[in-house]
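Data block for my_file-v7.csv (CSV, N, CA and C atoms):
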chain,number,residue,atom,x,y,z
A,59,MET,N,8.8,7.8,-8.6
A,59,MET,CA,9.5,6.8,-7.9
A,59,MET,C,10.9,6.7,-8.5
A,60,THR,N,11.8,6.5,-7.6
A,60,THR,CA,13.2,6.4,-8.1
A,60,THR,C,13.6,4.9,-8.2
A,61,PRO,N,14.5,4.6,-9.1
A,61,PRO,CA,15.0,3.3,-9.3
A,61,PRO,C,15.5,2.7,-8.0
A,62,THR,N,15.4,1.4,-7.8
A,62,THR,CA,15.9,0.8,-6.6
A,62,THR,C,16.7,-0.5,-7.0
A,63,SER,N,17.6,-0.8,-6.1
A,63,SER,CA,18.4,-2.0,-6.3
A,63,SER,C,17.7,-3.3,-5.7
A,64,ARG,N,16.6,-3.1,-5.1
A,64,ARG,CA,15.8,-4.2,-4.5
A,64,ARG,C,15.1,-5.0,-5.6
A,65,THR,N,15.0,-6.3,-5.3
A,65,THR,CA,14.4,-7.1,-6.3
A,65,THR,C,12.9,-7.0,-6.2
A,66,PRO,N,12.1,-7.4,-7.2
A,66,PRO,CA,10.7,-7.3,-7.1
A,66,PRO,C,10.1,-8.1,-5.9
A,67,LEU,N,10.7,-9.2,-5.6
A,67,LEU,CA,10.3,-10.0,-4.5
A,67,LEU,C,10.5,-9.2,-3.2
A,68,GLU,N,11.6,-8.6,-3.1
A,68,GLU,CA,11.9,-7.8,-1.9
A,68,GLU,C,10.9,-6.6,-1.7
A,69,LEU,N,10.6,-6.0,-2.9
A,69,LEU,CA,9.6,-4.9,-2.9
A,69,LEU,C,8.2,-5.4,-2.5
A,70,ILE,N,7.9,-6.5,-3.0
A,70,ILE,CA,6.5,-7.1,-2.7
A,70,ILE,C,6.5,-7.4,-1.2
A,71,ASP,N,7.6,-8.0,-0.7
A,71,ASP,CA,7.6,-8.3,0.8
A,71,ASP,C,7.5,-7.0,1.6
A,72,GLU,N,8.1,-6.0,1.2
A,72,GLU,CA,8.1,-4.7,1.9
A,72,GLU,C,6.6,-4.1,1.9
A,73,ALA,N,6.1,-4.1,0.7
A,73,ALA,CA,4.7,-3.6,0.5
A,73,ALA,C,3.7,-4.4,1.4
A,74,LEU,N,3.8,-5.8,1.3
A,74,LEU,CA,3.0,-6.6,2.2
A,74,LEU,C,3.1,-6.3,3.6
A,75,TYR,N,4.4,-6.1,4.1
A,75,TYR,CA,4.6,-5.8,5.5
A,75,TYR,C,3.8,-4.6,5.9
A,76,HIS,N,3.9,-3.5,5.1
A,76,HIS,CA,3.2,-2.3,5.5
A,76,HIS,C,1.7,-2.4,5.4
A,77,PHE,N,1.2,-3.0,4.3
A,77,PHE,CA,-0.2,-3.1,4.1
A,77,PHE,C,-0.8,-4.0,5.2
A,78,GLU,N,-0.2,-5.1,5.6
A,78,GLU,CA,-0.7,-6.0,6.6
A,78,GLU,C,-0.7,-5.3,8.0
A,79,ALA,N,0.4,-4.4,8.2
A,79,ALA,CA,0.4,-3.6,9.5
A,79,ALA,C,-0.8,-2.7,9.5
A,80,ALA,N,-1.0,-2.0,8.3
A,80,ALA,CA,-2.2,-1.1,8.3
A,80,ALA,C,-3.5,-1.8,8.6
A,81,GLN,N,-3.6,-3.0,8.0
A,81,GLN,CA,-4.9,-3.8,8.3
A,81,GLN,C,-5.0,-4.1,9.8
A,82,ALA,N,-3.9,-4.4,10.4
A,82,ALA,CA,-3.9,-4.7,11.9
A,82,ALA,C,-4.2,-3.5,12.7
A,83,TYR,N,-3.6,-2.4,12.3
A,83,TYR,CA,-3.9,-1.1,13.1
A,83,TYR,C,-5.4,-0.7,12.9
A,84,ALA,N,-5.9,-1.0,11.8
A,84,ALA,CA,-7.3,-0.6,11.5
A,84,ALA,C,-8.3,-1.3,12.4
A,85,GLN,N,-7.9,-2.3,13.1
A,85,GLN,CA,-8.8,-3.0,14.0
A,85,GLN,C,-9.0,-2.1,15.3
A,86,ARG,N,-8.2,-1.0,15.4
A,86,ARG,CA,-8.3,-0.1,16.5
A,86,ARG,C,-9.3,1.1,16.2
A,87,ASP,N,-9.4,2.0,17.1
A,87,ASP,CA,-10.3,3.2,16.9
A,87,ASP,C,-9.6,4.1,15.9
A,88,ILE,N,-10.1,4.2,14.7
A,88,ILE,CA,-9.4,5.0,13.7
A,88,ILE,C,-9.6,6.5,13.9
A,89,THR,N,-10.6,6.9,14.8
A,89,THR,CA,-10.7,8.3,15.1
A,89,THR,C,-9.6,8.8,16.1
A,90,ASP,N,-8.9,7.8,16.7
A,90,ASP,CA,-7.7,8.2,17.5
A,90,ASP,C,-6.6,8.7,16.6
A,91,PRO,N,-6.1,9.9,16.8
A,91,PRO,CA,-5.1,10.5,15.9
A,91,PRO,C,-3.9,9.6,15.7
A,92,MET,N,-3.4,9.0,16.8
A,92,MET,CA,-2.2,8.1,16.7
A,92,MET,C,-2.5,6.9,15.8
A,93,THR,N,-3.7,6.3,15.9
A,93,THR,CA,-4.0,5.2,15.0
A,93,THR,C,-4.1,5.6,13.6
A,94,LEU,N,-4.7,6.8,13.3
A,94,LEU,CA,-4.8,7.3,12.0
A,94,LEU,C,-3.4,7.6,11.4
A,95,ASP,N,-2.6,8.1,12.2
A,95,ASP,CA,-1.2,8.4,11.8
A,95,ASP,C,-0.5,7.1,11.4
A,96,ALA,N,-0.6,6.1,12.3
A,96,ALA,CA,0.0,4.8,12.0
A,96,ALA,C,-0.5,4.1,10.8
A,97,ILE,N,-1.8,4.1,10.6
A,97,ILE,CA,-2.3,3.5,9.4
A,97,ILE,C,-1.9,4.3,8.1
A,98,SER,N,-1.9,5.6,8.2
A,98,SER,CA,-1.6,6.4,7.1
A,98,SER,C,-0.1,6.2,6.7
A,99,LEU,N,0.8,6.2,7.7
A,99,LEU,CA,2.2,5.9,7.5
A,99,LEU,C,2.4,4.6,6.8
A,100,ARG,N,1.7,3.6,7.3
A,100,ARG,CA,1.9,2.2,6.7
A,100,ARG,C,1.4,2.2,5.2
A,101,LEU,N,0.2,2.8,5.0
A,101,LEU,CA,-0.3,2.9,3.6
A,101,LEU,C,0.7,3.6,2.7
A,102,ALA,N,1.2,4.7,3.1
A,102,ALA,CA,2.1,5.5,2.3
A,102,ALA,C,3.4,4.7,2.0
A,103,ALA,N,3.9,4.0,3.0
A,103,ALA,CA,5.1,3.2,2.9
A,103,ALA,C,4.9,2.0,2.0
A,104,GLY,N,3.7,1.4,2.1
A,104,GLY,CA,3.4,0.2,1.3
A,104,GLY,C,3.2,0.6,-0.2
A,105,ILE,N,2.6,1.8,-0.4
A,105,ILE,CA,2.4,2.3,-1.7
A,105,ILE,C,3.7,2.7,-2.4
A,106,GLU,N,4.6,3.2,-1.6
A,106,GLU,CA,5.9,3.6,-2.0
A,106,GLU,C,6.7,2.4,-2.5
A,107,ALA,N,6.7,1.3,-1.7
A,107,ALA,CA,7.4,0.1,-2.1
A,107,ALA,C,6.7,-0.5,-3.4
A,108,PHE,N,5.4,-0.5,-3.4
A,108,PHE,CA,4.6,-1.0,-4.5
A,108,PHE,C,5.0,-0.2,-5.8
A,109,GLY,N,5.1,1.1,-5.6
A,109,GLY,CA,5.4,1.9,-6.8
A,109,GLY,C,6.8,1.7,-7.3
A,110,ALA,N,7.7,1.2,-6.5
A,110,ALA,CA,9.1,0.9,-7.0
A,110,ALA,C,9.2,-0.4,-7.8
A,111,LEU,N,8.1,-1.1,-7.9
A,111,LEU,CA,8.2,-2.3,-8.7
A,111,LEU,C,8.4,-1.9,-10.2
A,112,PRO,N,8.9,-2.8,-11.0
A,112,PRO,CA,9.0,-2.5,-12.4
A,112,PRO,C,7.6,-2.2,-12.9
A,113,PRO,N,7.5,-1.2,-13.8
A,113,PRO,CA,6.2,-0.7,-14.2
A,113,PRO,C,5.2,-1.8,-14.7
A,114,ARG,N,5.8,-2.8,-15.4
A,114,ARG,CA,4.9,-3.9,-15.9
A,114,ARG,C,4.3,-4.6,-14.8
A,115,LEU,N,5.0,-5.0,-13.8
A,115,LEU,CA,4.5,-5.7,-12.6
A,115,LEU,C,3.6,-4.8,-11.8
A,116,ARG,N,4.0,-3.6,-11.6
A,116,ARG,CA,3.2,-2.6,-10.8
A,116,ARG,C,1.8,-2.5,-11.5
A,117,ASP,N,1.8,-2.2,-12.8
A,117,ASP,CA,0.5,-2.0,-13.5
A,117,ASP,C,-0.4,-3.3,-13.5
A,118,GLU,N,0.3,-4.4,-13.6
A,118,GLU,CA,-0.5,-5.7,-13.6
A,118,GLU,C,-1.1,-5.9,-12.2
A,119,ALA,N,-0.4,-5.6,-11.2
A,119,ALA,CA,-0.9,-5.8,-9.8
A,119,ALA,C,-1.9,-4.8,-9.4
A,120,ALA,N,-1.8,-3.6,-9.9
A,120,ALA,CA,-2.7,-2.5,-9.6
A,120,ALA,C,-4.0,-2.6,-10.4
A,121,GLN,N,-4.0,-3.4,-11.4
A,121,GLN,CA,-5.2,-3.7,-12.3
A,121,GLN,C,-5.8,-2.4,-12.7
A,122,GLY,N,-5.0,-1.5,-13.3
A,122,GLY,CA,-5.4,-0.2,-13.8
A,122,GLY,C,-5.7,0.9,-12.8
A,123,GLU,N,-5.4,0.6,-11.5
A,123,GLU,CA,-5.7,1.6,-10.5
A,123,GLU,C,-4.5,2.2,-9.9
A,124,TRP,N,-3.3,2.1,-10.5
A,124,TRP,CA,-2.1,2.7,-10.0
A,124,TRP,C,-2.3,4.2,-9.7
A,125,HIS,N,-2.9,4.9,-10.6
A,125,HIS,CA,-3.1,6.4,-10.4
A,125,HIS,C,-3.8,6.7,-9.1
A,126,LEU,N,-4.8,5.8,-8.7
A,126,LEU,CA,-5.5,6.0,-7.4
A,126,LEU,C,-4.6,5.7,-6.2
A,127,LEU,N,-3.8,4.7,-6.3
A,127,LEU,CA,-2.9,4.4,-5.2
A,127,LEU,C,-1.9,5.5,-5.1
A,128,ARG,N,-1.3,5.9,-6.2
A,128,ARG,CA,-0.3,7.0,-6.1
A,128,ARG,C,-1.0,8.3,-5.5
A,129,GLY,N,-2.2,8.5,-5.9
A,129,GLY,CA,-3.0,9.7,-5.4
A,129,GLY,C,-3.2,9.6,-3.9
A,130,MET,N,-3.5,8.4,-3.4
A,130,MET,CA,-3.6,8.2,-1.9
A,130,MET,C,-2.3,8.5,-1.2
A,131,ARG,N,-1.2,8.0,-1.8
A,131,ARG,CA,0.1,8.2,-1.2
A,131,ARG,C,0.4,9.7,-1.2
A,132,ASN,N,0.2,10.3,-2.3
A,132,ASN,CA,0.5,11.8,-2.3
A,132,ASN,C,-0.4,12.6,-1.4
A,133,ARG,N,-1.6,12.2,-1.2
A,133,ARG,CA,-2.5,12.9,-0.3
A,133,ARG,C,-2.0,12.8,1.1
A,134,ILE,N,-1.6,11.5,1.5
A,134,ILE,CA,-1.0,11.3,2.8
A,134,ILE,C,0.3,12.1,3.0
A,135,ALA,N,1.2,12.0,2.0
A,135,ALA,CA,2.5,12.6,2.2
A,135,ALA,C,2.5,14.1,2.1
A,136,HIS,N,1.6,14.7,1.3
A,136,HIS,CA,1.7,16.1,1.0
A,136,HIS,C,0.5,16.9,1.5
A,137,GLY,N,-0.6,16.3,1.8
A,137,GLY,CA,-1.7,17.0,2.3
A,137,GLY,C,-2.3,16.4,3.5
A,138,TYR,N,-1.4,16.2,4.4
A,138,TYR,CA,-1.8,15.3,5.6
A,138,TYR,C,-3.0,15.9,6.3
A,139,LEU,N,-3.1,17.2,6.5
A,139,LEU,CA,-4.2,17.8,7.3
A,139,LEU,C,-5.5,17.6,6.6
A,140,GLN,N,-5.5,17.1,5.3
A,140,GLN,CA,-6.7,16.9,4.6
A,140,GLN,C,-7.0,15.4,4.4
A,141,VAL,N,-6.3,14.5,5.1
A,141,VAL,CA,-6.5,13.1,5.1
A,141,VAL,C,-7.8,12.8,5.8
A,142,ASP,N,-8.8,12.2,5.1
A,142,ASP,CA,-10.1,11.9,5.7
A,142,ASP,C,-10.0,10.5,6.3
A,143,PRO,N,-10.3,10.4,7.6
A,143,PRO,CA,-10.3,9.1,8.3
A,143,PRO,C,-11.2,8.1,7.7
A,144,THR,N,-12.4,8.6,7.2
A,144,THR,CA,-13.3,7.7,6.6
A,144,THR,C,-12.8,7.1,5.3
A,145,ILE,N,-12.1,7.9,4.5
A,145,ILE,CA,-11.4,7.3,3.3
A,145,ILE,C,-10.3,6.4,3.6
A,146,VAL,N,-9.5,6.7,4.6
A,146,VAL,CA,-8.4,5.8,5.0
A,146,VAL,C,-9.0,4.5,5.5
A,147,SER,N,-10.0,4.5,6.3
A,147,SER,CA,-10.7,3.3,6.8
A,147,SER,C,-11.3,2.5,5.7
A,148,ALA,N,-12.0,3.1,4.8
A,148,ALA,CA,-12.6,2.4,3.7
A,148,ALA,C,-11.5,1.8,2.8
A,149,THR,N,-10.4,2.5,2.6
A,149,THR,CA,-9.3,1.9,1.8
A,149,THR,C,-8.7,0.7,2.4
A,150,VAL,N,-8.5,0.7,3.7
A,150,VAL,CA,-7.9,-0.4,4.4
A,150,VAL,C,-8.9,-1.6,4.5
A,151,GLN,N,-10.1,-1.3,4.7
A,151,GLN,CA,-11.1,-2.4,4.8
A,151,GLN,C,-11.5,-2.9,3.5
A,152,ARG,N,-11.6,-2.1,2.4
A,152,ARG,CA,-12.2,-2.5,1.2
A,152,ARG,C,-11.1,-2.8,0.1
A,153,ASP,N,-10.1,-2.0,0.0
A,153,ASP,CA,-9.2,-2.1,-1.1
A,153,ASP,C,-7.9,-2.8,-0.8
A,154,VAL,N,-7.4,-2.6,0.4
A,154,VAL,CA,-6.1,-3.3,0.8
A,154,VAL,C,-6.2,-4.8,0.8
A,155,PRO,N,-7.2,-5.4,1.3
A,155,PRO,CA,-7.3,-6.9,1.2
A,155,PRO,C,-7.1,-7.5,-0.2
A,156,ALA,N,-7.7,-6.9,-1.2
A,156,ALA,CA,-7.6,-7.3,-2.5
A,156,ALA,C,-6.2,-7.1,-3.0
A,157,LEU,N,-5.6,-6.0,-2.7
A,157,LEU,CA,-4.2,-5.7,-3.1
A,157,LEU,C,-3.2,-6.7,-2.5
A,158,VAL,N,-3.5,-7.0,-1.2
A,158,VAL,CA,-2.6,-7.9,-0.5
A,158,VAL,C,-2.7,-9.3,-1.2
A,159,ALA,N,-3.9,-9.7,-1.5
A,159,ALA,CA,-4.1,-11.0,-2.2
A,159,ALA,C,-3.4,-11.0,-3.5
A,160,THR,N,-3.5,-10.0,-4.3
A,160,THR,CA,-2.8,-9.9,-5.6
A,160,THR,C,-1.3,-9.9,-5.4
A,161,LEU,N,-0.8,-9.2,-4.4
A,161,LEU,CA,0.6,-9.2,-4.2
A,161,LEU,C,1.1,-10.6,-3.7
A,162,ARG,N,0.4,-11.2,-2.9
A,162,ARG,CA,0.8,-12.6,-2.5
A,162,ARG,C,0.8,-13.5,-3.7
A,163,SER,N,-0.2,-13.4,-4.6
A,163,SER,CA,-0.2,-14.3,-5.8
A,163,SER,C,1.0,-14.0,-6.7
A,164,LEU,N,1.3,-12.7,-6.9
A,164,LEU,CA,2.4,-12.3,-7.7
A,164,LEU,C,3.7,-12.8,-7.1
A,165,HIS,N,3.8,-12.7,-5.8
A,165,HIS,CA,5.0,-13.1,-5.1
A,165,HIS,C,5.2,-14.6,-5.3
A,166,GLN,N,4.1,-15.4,-5.2
A,166,GLN,CA,4.2,-16.8,-5.4
A,166,GLN,C,4.6,-17.1,-6.9
A,167,ARG,N,4.0,-16.4,-7.8
A,167,ARG,CA,4.4,-16.6,-9.2
A,167,ARG,C,5.8,-16.3,-9.5
A,168,LEU,N,6.3,-15.2,-9.0
A,168,LEU,CA,7.7,-14.8,-9.2
A,168,LEU,C,8.7,-15.8,-8.5
A,169,SER,N,8.3,-16.3,-7.3
A,169,SER,CA,9.1,-17.2,-6.6
A,169,SER,C,9.3,-18.6,-7.3
A,170,SER,N,8.3,-18.9,-8.0
A,170,SER,CA,8.4,-20.3,-8.7
A,170,SER,C,9.1,-20.2,-10.1
A,171,ASN,N,9.5,-19.0,-10.5
A,171,ASN,CA,10.2,-18.9,-11.8
A,171,ASN,C,11.7,-19.0,-11.6
Please, can you express the file's structure as structure tokens?
Amino acid sequence: MTPTSRTPLELIDEALYHFEAAQAYAQRDITDPMTLDAISLRLAAGIEAFGALPPRLRDEAAQGEWHLLRGMRNRIAHGYLQVDPTIVSATVQRDVPALVATLRSLHQRLSSN
């Protein structure tokens, strides 16, 4: 990840925007290639914004799972033909809601400082 001039709050907002869009798209038929593309793009963009957070905040929010998030982003970005719709669906249904909740909590905490 490259350094950014965006604040942690801006990065959290961006990550939330993409993760919430991925959740909305996941309500559609994930076997449709366009839906899978849309979800994958939003996941990759959300993870990219998340990864630009200062490492201390990123690691706290990732709860020790940053390497898995980065791996998902890399799989989408560099090995797209091998993206498994089942894994993408499970990620959006099982993992993204907890990450969104953690990011909202972190956003609230940083906003009150």
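Among the candidates A:Arg86, A:His165, A:Arg131, A:His136, the residue lying nearest to Pro66 (chain A) is A:His165 (atoms considered: all atoms listed in the file).
Between atom N of Ile105 (chain A) and atom C of Asp117 (chain A) the separation is 14.4 Å.
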query = Among region 60-160 of chain A, which residues carry a DSSP assignment of helix (DSSP H, G or I), reported as an MDAnalysis selection string?
reply = chainID A and resid 66:83 91:109 113:120 124:136 138:140 143:160
query = Can you list, as a PyMOL selection string, every protein, DNA or RNA residue that comes within 6.5 Å of region 71-78 of chain A when you count all atoms listed in the file, leaving out same-chain residues fewer than 4 positions away?
reply = chain A and resi 66-67+82-83+100-101+103-105+107-108+158
message = Give me the residues near Gln81 (chain A) as a PyMOL selection string, where near means some atom within 8 Å (using only C-alpha atoms) and where sequence neighbours in that chain fewer than 3 positions away do not count.
response = chain A and resi 77-78+84-85+97+150-151+154
query = In Å, with one decimal, what is the gap from atom N of Ser163 (chain A) to CA of Ile145 (chain A)?
reply = 24.8 Å
